[in-house]
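Student: As input, take final11.cif (mmCIF, C-alpha atoms):
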```cif
data_coords
#
loop_
_atom_site.group_PDB
_atom_site.id
_atom_site.type_symbol
_atom_site.label_atom_id
_atom_site.label_comp_id
_atom_site.auth_asym_id
_atom_site.auth_seq_id
_atom_site.Cartn_x
_atom_site.Cartn_y
_atom_site.Cartn_z
ATOM 1 C CA MET A 1 -0.372 23.786 1.697
ATOM 2 C CA THR A 2 2.316 21.641 0.095
ATOM 3 C CA SER A 3 2.168 20.966 -3.636
ATOM 4 C CA ALA A 4 1.283 17.340 -2.932
ATOM 5 C CA GLY A 5 -1.412 18.378 -0.520
ATOM 6 C CA ALA A 6 -2.827 20.903 -2.952
ATOM 7 C CA ALA A 7 -2.989 18.334 -5.730
ATOM 8 C CA THR A 8 -4.730 15.832 -3.532
ATOM 9 C CA ALA A 9 -7.075 18.255 -1.820
ATOM 10 C CA GLY A 10 -8.824 19.361 -4.978
ATOM 11 C CA ALA A 11 -11.827 17.718 -6.601
ATOM 12 C CA THR A 12 -11.189 15.014 -9.156
ATOM 13 C CA SER A 13 -11.635 17.636 -11.881
ATOM 14 C CA VAL A 14 -8.026 18.732 -11.330
ATOM 15 C CA LEU A 15 -6.726 15.244 -12.089
ATOM 16 C CA PRO A 16 -5.329 14.270 -15.492
ATOM 17 C CA LEU A 17 -8.081 12.991 -17.761
ATOM 18 C CA LEU A 18 -6.895 9.372 -17.967
ATOM 19 C CA TRP A 19 -6.378 9.070 -14.221
ATOM 20 C CA ARG A 20 -9.727 10.739 -13.535
ATOM 21 C CA SER A 21 -11.393 8.204 -15.848
ATOM 22 C CA PHE A 22 -9.724 5.328 -14.007
ATOM 23 C CA LEU A 23 -10.794 6.710 -10.636
ATOM 24 C CA THR A 24 -14.352 7.175 -11.832
ATOM 25 C CA ALA A 25 -14.497 3.580 -13.035
ATOM 26 C CA SER A 26 -12.846 2.128 -9.934
ATOM 27 C CA SER A 27 -15.079 4.129 -7.598
ATOM 28 C CA LYS A 28 -18.028 2.161 -8.998
ATOM 29 C CA LEU A 29 -16.204 -1.012 -7.986
ATOM 30 C CA LEU A 30 -15.929 -0.411 -4.273
ATOM 31 C CA THR A 31 -14.240 -3.250 -2.472
ATOM 32 C CA PRO A 32 -16.654 -4.747 0.050
ATOM 33 C CA VAL A 33 -17.070 -4.212 3.767
ATOM 34 C CA GLU A 34 -17.612 -7.385 5.776
ATOM 35 C CA ARG A 35 -18.763 -8.043 9.297
ATOM 36 C CA ARG A 36 -16.622 -10.567 11.178
ATOM 37 C CA GLY A 37 -17.430 -11.077 14.824
ATOM 38 C CA GLY A 38 -17.892 -7.649 16.326
ATOM 39 C CA VAL A 39 -15.578 -5.909 13.863
ATOM 40 C CA TRP A 40 -16.020 -4.499 10.350
ATOM 41 C CA MET A 41 -13.420 -5.319 7.693
ATOM 42 C CA LYS A 42 -12.770 -3.127 4.662
ATOM 43 C CA ARG A 43 -11.606 -5.728 2.129
ATOM 44 C CA ASP A 44 -9.442 -3.627 -0.172
ATOM 45 C CA ASP A 45 -7.359 -6.783 -0.536
ATOM 46 C CA LEU A 46 -10.097 -8.137 -2.814
ATOM 47 C CA PHE A 47 -9.267 -5.715 -5.638
ATOM 48 C CA SER A 48 -7.535 -7.879 -8.240
ATOM 49 C CA VAL A 49 -5.719 -7.094 -11.478
ATOM 50 C CA ALA A 50 -3.011 -8.889 -13.470
ATOM 51 C CA GLY A 51 -2.921 -11.710 -10.938
ATOM 52 C CA VAL A 52 -2.116 -9.503 -7.938
ATOM 53 C CA GLN A 53 -4.398 -8.025 -5.308
ATOM 54 C CA GLY A 54 -4.913 -5.049 -3.038
ATOM 55 C CA GLY A 55 -4.705 -1.284 -3.032
ATOM 56 C CA LYS A 56 -1.087 -1.213 -4.183
ATOM 57 C CA ALA A 57 -1.976 -3.381 -7.172
ATOM 58 C CA ARG A 58 -4.689 -0.858 -8.061
ATOM 59 C CA THR A 59 -2.209 2.019 -7.953
ATOM 60 C CA CYS A 60 0.462 0.209 -9.940
ATOM 61 C CA TRP A 61 -1.998 -0.812 -12.641
ATOM 62 C CA ALA A 62 -3.283 2.744 -12.930
ATOM 63 C CA LEU A 63 0.194 4.269 -13.166
ATOM 64 C CA ALA A 64 1.311 1.728 -15.751
ATOM 65 C CA SER A 65 -1.801 1.542 -17.916
ATOM 66 C CA SER A 66 -2.881 5.192 -17.969
ATOM 67 C CA ARG A 67 0.031 6.121 -20.199
ATOM 68 C CA GLU A 68 1.953 4.464 -23.024
ATOM 69 C CA SER A 69 4.494 2.766 -20.794
ATOM 70 C CA ARG A 70 7.487 1.189 -22.506
ATOM 71 C CA GLY A 71 8.615 -0.422 -19.268
ATOM 72 C CA LEU A 72 8.270 -0.147 -15.503
ATOM 73 C CA VAL A 73 10.975 0.675 -12.993
ATOM 74 C CA THR A 74 10.727 0.715 -9.213
ATOM 75 C CA ALA A 75 12.688 0.749 -5.964
ATOM 76 C CA SER A 76 11.765 -1.763 -3.322
ATOM 77 C CA SER A 77 12.795 -3.703 -0.271
ATOM 78 C CA ARG A 78 14.075 -7.174 -1.160
ATOM 79 C CA MET A 79 11.119 -8.544 0.785
ATOM 80 C CA SER A 80 8.350 -6.275 -0.435
ATOM 81 C CA PRO A 81 5.309 -7.508 -2.366
ATOM 82 C CA GLN A 82 5.818 -4.424 -4.535
ATOM 83 C CA LEU A 83 8.288 -6.550 -6.508
ATOM 84 C CA ASN A 84 5.599 -9.060 -7.422
ATOM 85 C CA ILE A 85 3.006 -6.390 -8.106
ATOM 86 C CA VAL A 86 5.250 -4.555 -10.586
ATOM 87 C CA ALA A 87 6.350 -7.817 -12.215
ATOM 88 C CA HIS A 88 2.794 -9.075 -12.764
ATOM 89 C CA VAL A 89 1.488 -5.747 -14.055
ATOM 90 C CA ALA A 90 4.376 -5.477 -16.519
ATOM 91 C CA ARG A 91 3.784 -9.028 -17.754
ATOM 92 C CA LYS A 92 0.093 -8.293 -18.261
ATOM 93 C CA LEU A 93 0.967 -5.201 -20.312
ATOM 94 C CA GLY A 94 3.674 -7.034 -22.265
ATOM 95 C CA ILE A 95 6.472 -4.681 -21.241
ATOM 96 C CA PRO A 96 9.759 -5.159 -19.326
ATOM 97 C CA ALA A 97 10.225 -4.237 -15.678
ATOM 98 C CA ARG A 98 13.230 -3.604 -13.437
ATOM 99 C CA ALA A 99 13.542 -3.162 -9.672
ATOM 100 C CA HIS A 100 16.370 -1.571 -7.690
ATOM 101 C CA VAL A 101 16.830 -3.238 -4.303
ATOM 102 C CA PRO A 102 19.473 -3.445 -1.555
ATOM 103 C CA ALA A 103 22.195 -6.085 -1.750
ATOM 104 C CA GLY A 104 21.530 -9.350 0.039
ATOM 105 C CA GLY A 105 20.362 -12.889 -0.482
ATOM 106 C CA ASP A 106 17.373 -13.865 -2.555
ATOM 107 C CA THR A 107 13.972 -13.735 -0.886
ATOM 108 C CA PRO A 108 10.743 -15.512 -1.856
ATOM 109 C CA GLU A 109 9.418 -12.228 -3.259
ATOM 110 C CA MET A 110 12.507 -11.748 -5.438
ATOM 111 C CA ARG A 111 12.375 -15.301 -6.763
ATOM 112 C CA ALA A 112 8.661 -15.132 -7.497
ATOM 113 C CA ALA A 113 9.028 -11.779 -9.276
ATOM 114 C CA ARG A 114 11.922 -13.019 -11.399
ATOM 115 C CA GLU A 115 9.814 -15.971 -12.481
ATOM 116 C CA VAL A 116 7.399 -13.587 -14.175
ATOM 117 C CA GLY A 117 10.137 -11.530 -15.827
ATOM 118 C CA LEU A 118 11.301 -8.865 -13.351
ATOM 119 C CA GLU A 119 14.945 -7.811 -13.626
ATOM 120 C CA VAL A 120 16.383 -7.192 -10.152
ATOM 121 C CA VAL A 121 19.366 -4.848 -9.720
ATOM 122 C CA GLN A 122 21.002 -4.893 -6.292
ATOM 123 C CA TRP A 123 23.023 -2.077 -4.725
ATOM 124 C CA ARG A 124 25.578 -2.565 -1.974
ATOM 125 C CA ALA A 125 24.740 0.831 -0.482
ATOM 126 C CA GLY A 126 21.097 -0.147 -0.220
ATOM 127 C CA HIS A 127 19.622 2.624 1.910
ATOM 128 C CA ASN A 128 16.147 3.684 0.809
ATOM 129 C CA SER A 129 17.447 7.025 -0.435
ATOM 130 C CA VAL A 130 19.999 5.242 -2.645
ATOM 131 C CA ILE A 131 17.662 2.777 -4.329
ATOM 132 C CA ILE A 132 15.010 5.484 -4.777
ATOM 133 C CA ALA A 133 17.570 7.690 -6.533
ATOM 134 C CA ARG A 134 18.752 4.793 -8.704
ATOM 135 C CA ALA A 135 15.203 4.005 -9.797
ATOM 136 C CA ARG A 136 14.475 7.653 -10.551
ATOM 137 C CA GLN A 137 17.650 7.955 -12.654
ATOM 138 C CA ASP A 138 16.784 4.723 -14.461
ATOM 139 C CA ALA A 139 13.315 6.022 -15.338
ATOM 140 C CA ILE A 140 14.772 9.257 -16.706
ATOM 141 C CA ARG A 141 17.410 7.423 -18.725
ATOM 142 C CA THR A 142 15.064 4.829 -20.243
ATOM 143 C CA GLY A 143 11.797 6.738 -20.402
ATOM 144 C CA TRP A 144 10.132 3.938 -18.465
ATOM 145 C CA THR A 145 7.303 4.610 -16.034
ATOM 146 C CA LEU A 146 8.446 5.016 -12.436
ATOM 147 C CA ILE A 147 6.436 3.100 -9.821
ATOM 148 C CA PRO A 148 7.374 4.975 -6.619
ATOM 149 C CA PHE A 149 8.952 3.315 -3.612
ATOM 150 C CA GLY A 150 6.118 2.428 -1.243
ATOM 151 C CA MET A 151 3.902 3.781 -4.078
ATOM 152 C CA GLU A 152 4.209 7.202 -2.495
ATOM 153 C CA CYS A 153 2.208 9.242 -4.981
ATOM 154 C CA ARG A 154 -1.011 11.189 -5.391
ATOM 155 C CA GLU A 155 -2.608 8.350 -7.323
ATOM 156 C CA ALA A 156 -2.313 5.986 -4.363
ATOM 157 C CA VAL A 157 -3.858 8.506 -1.997
ATOM 158 C CA ASP A 158 -6.718 9.356 -4.339
ATOM 159 C CA ALA A 159 -7.576 5.726 -5.092
ATOM 160 C CA THR A 160 -7.828 4.885 -1.394
ATOM 161 C CA ARG A 161 -9.741 8.113 -0.811
ATOM 162 C CA LEU A 162 -12.584 6.932 -3.036
ATOM 163 C CA GLN A 163 -12.771 3.554 -1.312
ATOM 164 C CA VAL A 164 -13.881 5.220 1.943
ATOM 165 C CA GLU A 165 -17.329 5.679 0.388
ATOM 166 C CA ASN A 166 -18.748 2.496 1.899
ATOM 167 C CA VAL A 167 -17.199 2.731 5.367
ATOM 168 C CA PRO A 168 -20.182 2.394 7.745
ATOM 169 C CA VAL A 169 -21.054 5.610 9.557
ATOM 170 C CA GLU A 170 -21.634 3.552 12.681
ATOM 171 C CA ALA A 171 -18.022 2.331 12.771
ATOM 172 C CA ARG A 172 -16.426 3.319 16.079
ATOM 173 C CA ARG A 173 -12.904 3.761 14.677
ATOM 174 C CA VAL A 174 -11.036 3.112 11.449
ATOM 175 C CA VAL A 175 -7.930 1.029 12.183
ATOM 176 C CA VAL A 176 -5.219 1.236 9.516
ATOM 177 C CA PRO A 177 -1.819 -0.492 9.353
ATOM 178 C CA VAL A 178 0.760 2.201 8.633
ATOM 179 C CA GLY A 179 3.866 1.536 6.566
ATOM 180 C CA SER A 180 4.508 4.354 4.090
ATOM 181 C CA GLY A 181 1.348 6.112 5.298
ATOM 182 C CA MET A 182 -0.246 6.381 1.862
ATOM 183 C CA SER A 183 -3.277 4.286 2.777
ATOM 184 C CA LEU A 184 -3.749 6.283 5.965
ATOM 185 C CA ALA A 185 -3.574 9.578 4.067
ATOM 186 C CA GLY A 186 -6.189 8.319 1.604
ATOM 187 C CA VAL A 187 -8.495 7.166 4.398
ATOM 188 C CA LEU A 188 -8.273 10.580 6.070
ATOM 189 C CA TRP A 189 -9.104 12.363 2.821
ATOM 190 C CA GLY A 190 -12.040 10.014 2.207
ATOM 191 C CA LEU A 191 -13.476 10.690 5.661
ATOM 192 C CA HIS A 192 -12.990 14.401 5.015
ATOM 193 C CA ASP A 193 -14.909 14.131 1.734
ATOM 194 C CA ARG A 194 -17.836 12.496 3.561
ATOM 195 C CA ASN A 195 -17.681 15.018 6.387
ATOM 196 C CA LEU A 196 -17.163 12.183 8.876
ATOM 197 C CA ARG A 197 -15.172 12.700 12.060
ATOM 198 C CA THR A 198 -14.729 9.011 12.734
ATOM 199 C CA PRO A 199 -11.654 8.504 14.932
ATOM 200 C CA VAL A 200 -8.711 6.810 13.232
ATOM 201 C CA LEU A 201 -6.103 4.525 14.803
ATOM 202 C CA GLY A 202 -2.922 4.106 12.798
ATOM 203 C CA VAL A 203 -0.809 1.117 13.830
ATOM 204 C CA VAL A 204 2.746 2.004 12.815
ATOM 205 C CA VAL A 205 4.805 -0.999 11.760
ATOM 206 C CA GLY A 206 7.723 0.724 10.035
ATOM 207 C CA ALA A 207 9.421 4.119 9.928
ATOM 208 C CA ASP A 208 7.866 7.229 11.436
ATOM 209 C CA PRO A 209 5.158 8.301 8.934
ATOM 210 C CA VAL A 210 4.618 11.848 10.252
ATOM 211 C CA LYS A 211 6.573 13.683 7.529
ATOM 212 C CA ARG A 212 4.821 11.785 4.732
ATOM 213 C CA LEU A 213 1.443 12.373 6.334
ATOM 214 C CA ALA A 214 2.191 16.085 6.525
ATOM 215 C CA ARG A 215 2.984 16.047 2.818
ATOM 216 C CA TRP A 216 0.011 14.042 1.580
ATOM 217 C CA GLN A 217 -2.621 15.045 4.134
ATOM 218 C CA PRO A 218 -1.527 18.407 5.580
ATOM 219 C CA TYR A 219 -4.678 18.674 7.712
ATOM 220 C CA TRP A 220 -4.202 15.386 9.557
ATOM 221 C CA ARG A 221 -3.176 16.759 12.971
ATOM 222 C CA PRO A 222 -6.559 18.278 13.966
ATOM 223 C CA TRP A 223 -8.198 14.947 13.113
ATOM 224 C CA PRO A 224 -9.200 12.564 15.943
ATOM 225 C CA ILE A 225 -6.302 10.303 15.011
ATOM 226 C CA GLN A 226 -3.942 8.325 17.194
ATOM 227 C CA LEU A 227 -0.697 6.775 15.982
ATOM 228 C CA VAL A 228 0.486 3.790 18.001
ATOM 229 C CA ARG A 229 3.577 1.721 17.331
ATOM 230 C CA SER A 230 3.399 -2.037 17.133
ATOM 231 C CA ALA A 231 5.423 -3.720 19.863
ATOM 232 C CA LEU A 232 7.006 -5.905 17.176
ATOM 233 C CA ASP A 233 9.937 -5.008 14.982
ATOM 234 C CA TYR A 234 9.056 -4.497 11.318
ATOM 235 C CA HIS A 235 10.641 -7.833 10.371
ATOM 236 C CA GLU A 236 8.878 -9.788 13.095
ATOM 237 C CA ALA A 237 5.711 -11.605 12.164
ATOM 238 C CA ALA A 238 2.667 -11.179 14.371
ATOM 239 C CA PRO A 239 2.071 -14.202 16.625
ATOM 240 C CA GLU A 240 -1.517 -14.440 15.352
ATOM 241 C CA THR A 241 -2.343 -13.840 11.705
ATOM 242 C CA VAL A 242 -5.921 -15.094 11.460
ATOM 243 C CA PHE A 243 -8.821 -12.950 12.683
ATOM 244 C CA GLU A 244 -12.332 -14.386 12.595
ATOM 245 C CA GLY A 245 -11.310 -16.755 9.803
ATOM 246 C CA LEU A 246 -9.537 -14.118 7.685
ATOM 247 C CA GLN A 247 -5.821 -14.548 6.992
ATOM 248 C CA LEU A 248 -4.033 -11.231 7.519
ATOM 249 C CA ASP A 249 -0.583 -10.124 6.464
ATOM 250 C CA PRO A 250 1.830 -11.044 9.322
ATOM 251 C CA ILE A 251 3.836 -7.829 8.988
ATOM 252 C CA TYR A 252 1.008 -5.336 8.519
ATOM 253 C CA GLU A 253 -2.653 -6.034 9.213
ATOM 254 C CA ALA A 254 -2.056 -8.822 11.733
ATOM 255 C CA LYS A 255 -0.180 -6.371 13.953
ATOM 256 C CA CYS A 256 -3.435 -4.441 14.302
ATOM 257 C CA ILE A 257 -5.206 -7.386 15.987
ATOM 258 C CA PRO A 258 -4.177 -6.466 19.580
ATOM 259 C CA PHE A 259 -5.636 -2.983 19.091
ATOM 260 C CA LEU A 260 -9.015 -3.969 17.644
ATOM 261 C CA GLU A 261 -12.121 -3.225 19.706
ATOM 262 C CA PRO A 262 -15.820 -3.926 19.052
ATOM 263 C CA GLU A 263 -17.335 -1.865 16.211
ATOM 264 C CA ASP A 264 -13.932 -0.888 14.768
ATOM 265 C CA ILE A 265 -13.343 -1.254 11.046
ATOM 266 C CA LEU A 266 -9.976 -2.687 9.989
ATOM 267 C CA TRP A 267 -8.631 -1.476 6.645
ATOM 268 C CA VAL A 268 -7.186 -4.556 4.917
ATOM 269 C CA VAL A 269 -4.788 -3.079 2.372
ATOM 270 C CA GLY A 270 -3.589 -6.133 0.505
ATOM 271 C CA VAL A 271 -2.830 -9.815 0.380
ATOM 272 C CA ARG A 272 0.640 -11.280 0.089
ATOM 273 C CA GLN A 273 1.444 -13.040 -3.204
ATOM 274 C CA CYS A 274 4.717 -14.472 -1.936
ATOM 275 C CA PRO A 275 4.676 -18.281 -1.717
ATOM 276 C CA GLY A 276 5.070 -19.260 1.907
ATOM 277 C CA GLY A 277 4.594 -15.660 2.951
ATOM 278 C CA TYR A 278 2.541 -16.675 5.952
ATOM 279 C CA GLY A 279 4.956 -19.312 7.104
ATOM 280 C CA VAL A 280 6.223 -17.431 10.171
ATOM 281 C CA LYS A 281 3.634 -17.493 12.922
ATOM 282 C CA ARG A 282 5.615 -16.512 16.003
ATOM 283 C CA ALA A 283 7.125 -13.181 16.922
ATOM 284 C CA LYS A 284 10.886 -13.052 17.449
ATOM 285 C CA LYS A 285 11.355 -14.793 14.124
ATOM 286 C CA LYS A 286 11.921 -12.767 11.009
ATOM 287 C CA THR A 287 9.607 -13.322 8.090
ATOM 288 C CA GLU A 288 11.145 -13.656 4.652
ATOM 289 C CA CYS A 289 8.440 -11.661 3.028
ATOM 290 C CA PRO A 290 7.277 -8.329 4.571
ATOM 291 C CA ARG A 291 5.323 -5.827 2.490
#
```
Go through the file and emit its structure as structure tokens.

Tutor:
Amino acid sequence: MTSAGAATAGATSVLPLLWRSFLTASSKLLTPVERRGGVWMKRDDLFSVAGVQGGKARTCWALASSRESRGLVTASSRMSPQLNIVAHVARKLGIPARAHVPAGGDTPEMRAAREVGLEVVQWRAGHNSVIIARARQDAIRTGWTLIPFGMECREAVDATRLQVENVPVEARRVVVPVGSGMSLAGVLWGLHDRNLRTPVLGVVVGADPVKRLARWQPYWRPWPIQLVRSALDYHEAAPETVFEGLQLDPIYEAKCIPFLEPEDILWVVGVRQCPGGYGVKRAKKKTECPR
């Protein structure tokens, strides 16, 4: 088992005391499951802290508040809601925050994050590996708390893992939008904890998640799981973003709509804070604000 897998596989007793306390408290605040039409919806987007919402907000708040953070530093896409999440959490804690992003024009997410105090540093060689390295070096140099790119960390997996507690046993499949794969890994661990063999459909909207899944959930392959790729490019908004009255993220959850079948449960990871983030309704147009 990988070190990441070993850390995540164990009971919560192996977790650091502060993080274990946070998980214990948050597990008593399960985000609700709703019934809309013939489909269940796991509303993890309803978790709210520091003016931001969703599973990633939960992870960022836990990473930042469970230690004496002097500042927050992250790496992010120019269009990712992670910028806003880190900015709002830092403002709530009264500490500075900085994000390393690729070069390029301002996006709604960048502008909104700057308005609440985020410093944005852009790099001409803006490959993910470059901005991740820059953020890591920044955290070492300053002693600030690193909020991982895509929030790829054990804390994210474990927090989602506990939220599986109220997934209905009668659900036919769990449908999860897959970007970094952290939410999917957490869902698989949560089903494992409950000894449920509910099939899982991961709708891949970004890069191939297989290597990250192998790291954070090394037992995922024997699971009844299917990974399918959205027909849309990552930057293309889904043509329909409202399902049974619920507004879904056009880059993530909305791309799951064509795959939903009766009695599925859709895992709604988050809600976009970016002003105008739902403005693009048609595919073949690029949204300004993907997560």

Student: Which residue out of A:Asp208, A:Gly181, A:Glu34, A:Arg172 has the minimum interatomic distance to A:Glu263 when only C-alpha atoms are used?

Tutor: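 The shortest atom-to-atom distance to A:Glu263 comes from A:Arg172.
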
Student: Need the shell around A:Thr160: protein/DNA/RNA residues with any atom at most 12 Å away, counting all atoms listed in the file. Skip same-chain ones fewer than 4 positions apart. Format as a PyMOL selection string?

Tutor: chain A and resi 8+23+26-27+30-31+42-45+47+54-59+153-156+164-167+176+181-191+267-270

Student: Give me, as a PyMOL selection string, all polymer residues having an atom no more than 12 Å from A:Ser80, counting all atoms listed in the file and skipping those fewer than 3 positions away in the same chain.

Tutor: chain A and resi 56+74-77+83-86+99-102+106-113+149-151+179+234-235+249+251-252+270-274+277+287-291

Student: As an MDAnalysis selection string, please: the residues near A:Cys256 (cut-off 9 Å, only C-alpha atoms, same-chain neighbours under 3 positions excluded).

Tutor: chainID A and resid 175:177 202:203 230 252:253 259:260 266

Student: Apply the PyMOL selection byres ((chain A and resi 98) around 6) to the structure shown and report the selected residues as a ChimeraX atom specification.

Tutor: /A:73,97,99,118-120

Student: For the file shown, report as a list in words the outcome of the PyMOL selection byres ((chain A and resi 226) around 6) at residue level.

Tutor: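 This file, filtered by the PyMOL selection byres ((chain A and resi 226) around 6), leaves Leu201, Ile225 and Leu227 of chain A.
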
Student: So what do you get for atom CA of A:Pro258 versus atom CA of A:Val242, distance-wise?

Tutor: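 That distance, rounded to one decimal, is 12.0 Å.
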
Student: In Å, rounded to a single decimal, give me how far atom CA of A:Gly71 is from atom CA of A:Leu93.

Tutor: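 Atom-to-atom, atom CA of A:Leu93 and atom CA of A:Gly71 are spaced 9.1 Å apart.
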
Student: Can you tell me how far atom CA of A:Val39 sits from atom CA of A:Pro262, in Å to one decimal?

Tutor: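 Going from atom CA of A:Val39 over to atom CA of A:Pro262, I get 5.6 Å.
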
Student: Skipping near chain neighbours, those fewer than 2 positions away, what residues fall within 9 Å of A:Pro224 using all atoms listed in the file, listed as a ChimeraX atom specification?

Tutor: /A:197-201,220-222,226

Student: My list of candidates is A:Ala50, A:Leu162, A:Ala207, A:Val89. Which is closest to A:Leu29 when distances are computed with only C-alpha atoms?

Tutor: A:Leu162

Student: Which residue, A:Ala238, A:Val33, A:Ala90, A:Leu46, has the smallest gap to A:Ile147 when you use all atoms listed in the file?

Tutor: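 Answer, going by the shortest atom-to-atom distance: A:Ala90.
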
Student: If the PyMOL selection byres ((chain A and resi 144) around 10) is run on the structure shown, which residues does it catch, given as a list in words?

Tutor: Ala64, Glu68, Ser69, Arg70, Gly71, Leu72, Val73, Thr74, Ile95, Pro96, Ala97, Arg98, Arg136, Asp138, Ala139, Ile140, Arg141, Thr142, Gly143, Thr145, Leu146 and Ile147 of chain A

Student: So which one's closest to A:Met79, A:Leu63, A:Gly104, A:Arg194, A:Gly94? Using all atoms listed in the file, please.

Tutor: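 That would be A:Gly104, the residue with the smallest distance to A:Met79.
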
Student: Would you pick out the contacts of A:Leu232 at 8 Å or less, using only C-alpha atoms, so that residues sharing its chain but fewer than 5 positions from it are not included, and give the list as a PyMOL selection string?

Tutor: chain A and resi 205+237-238+255+283
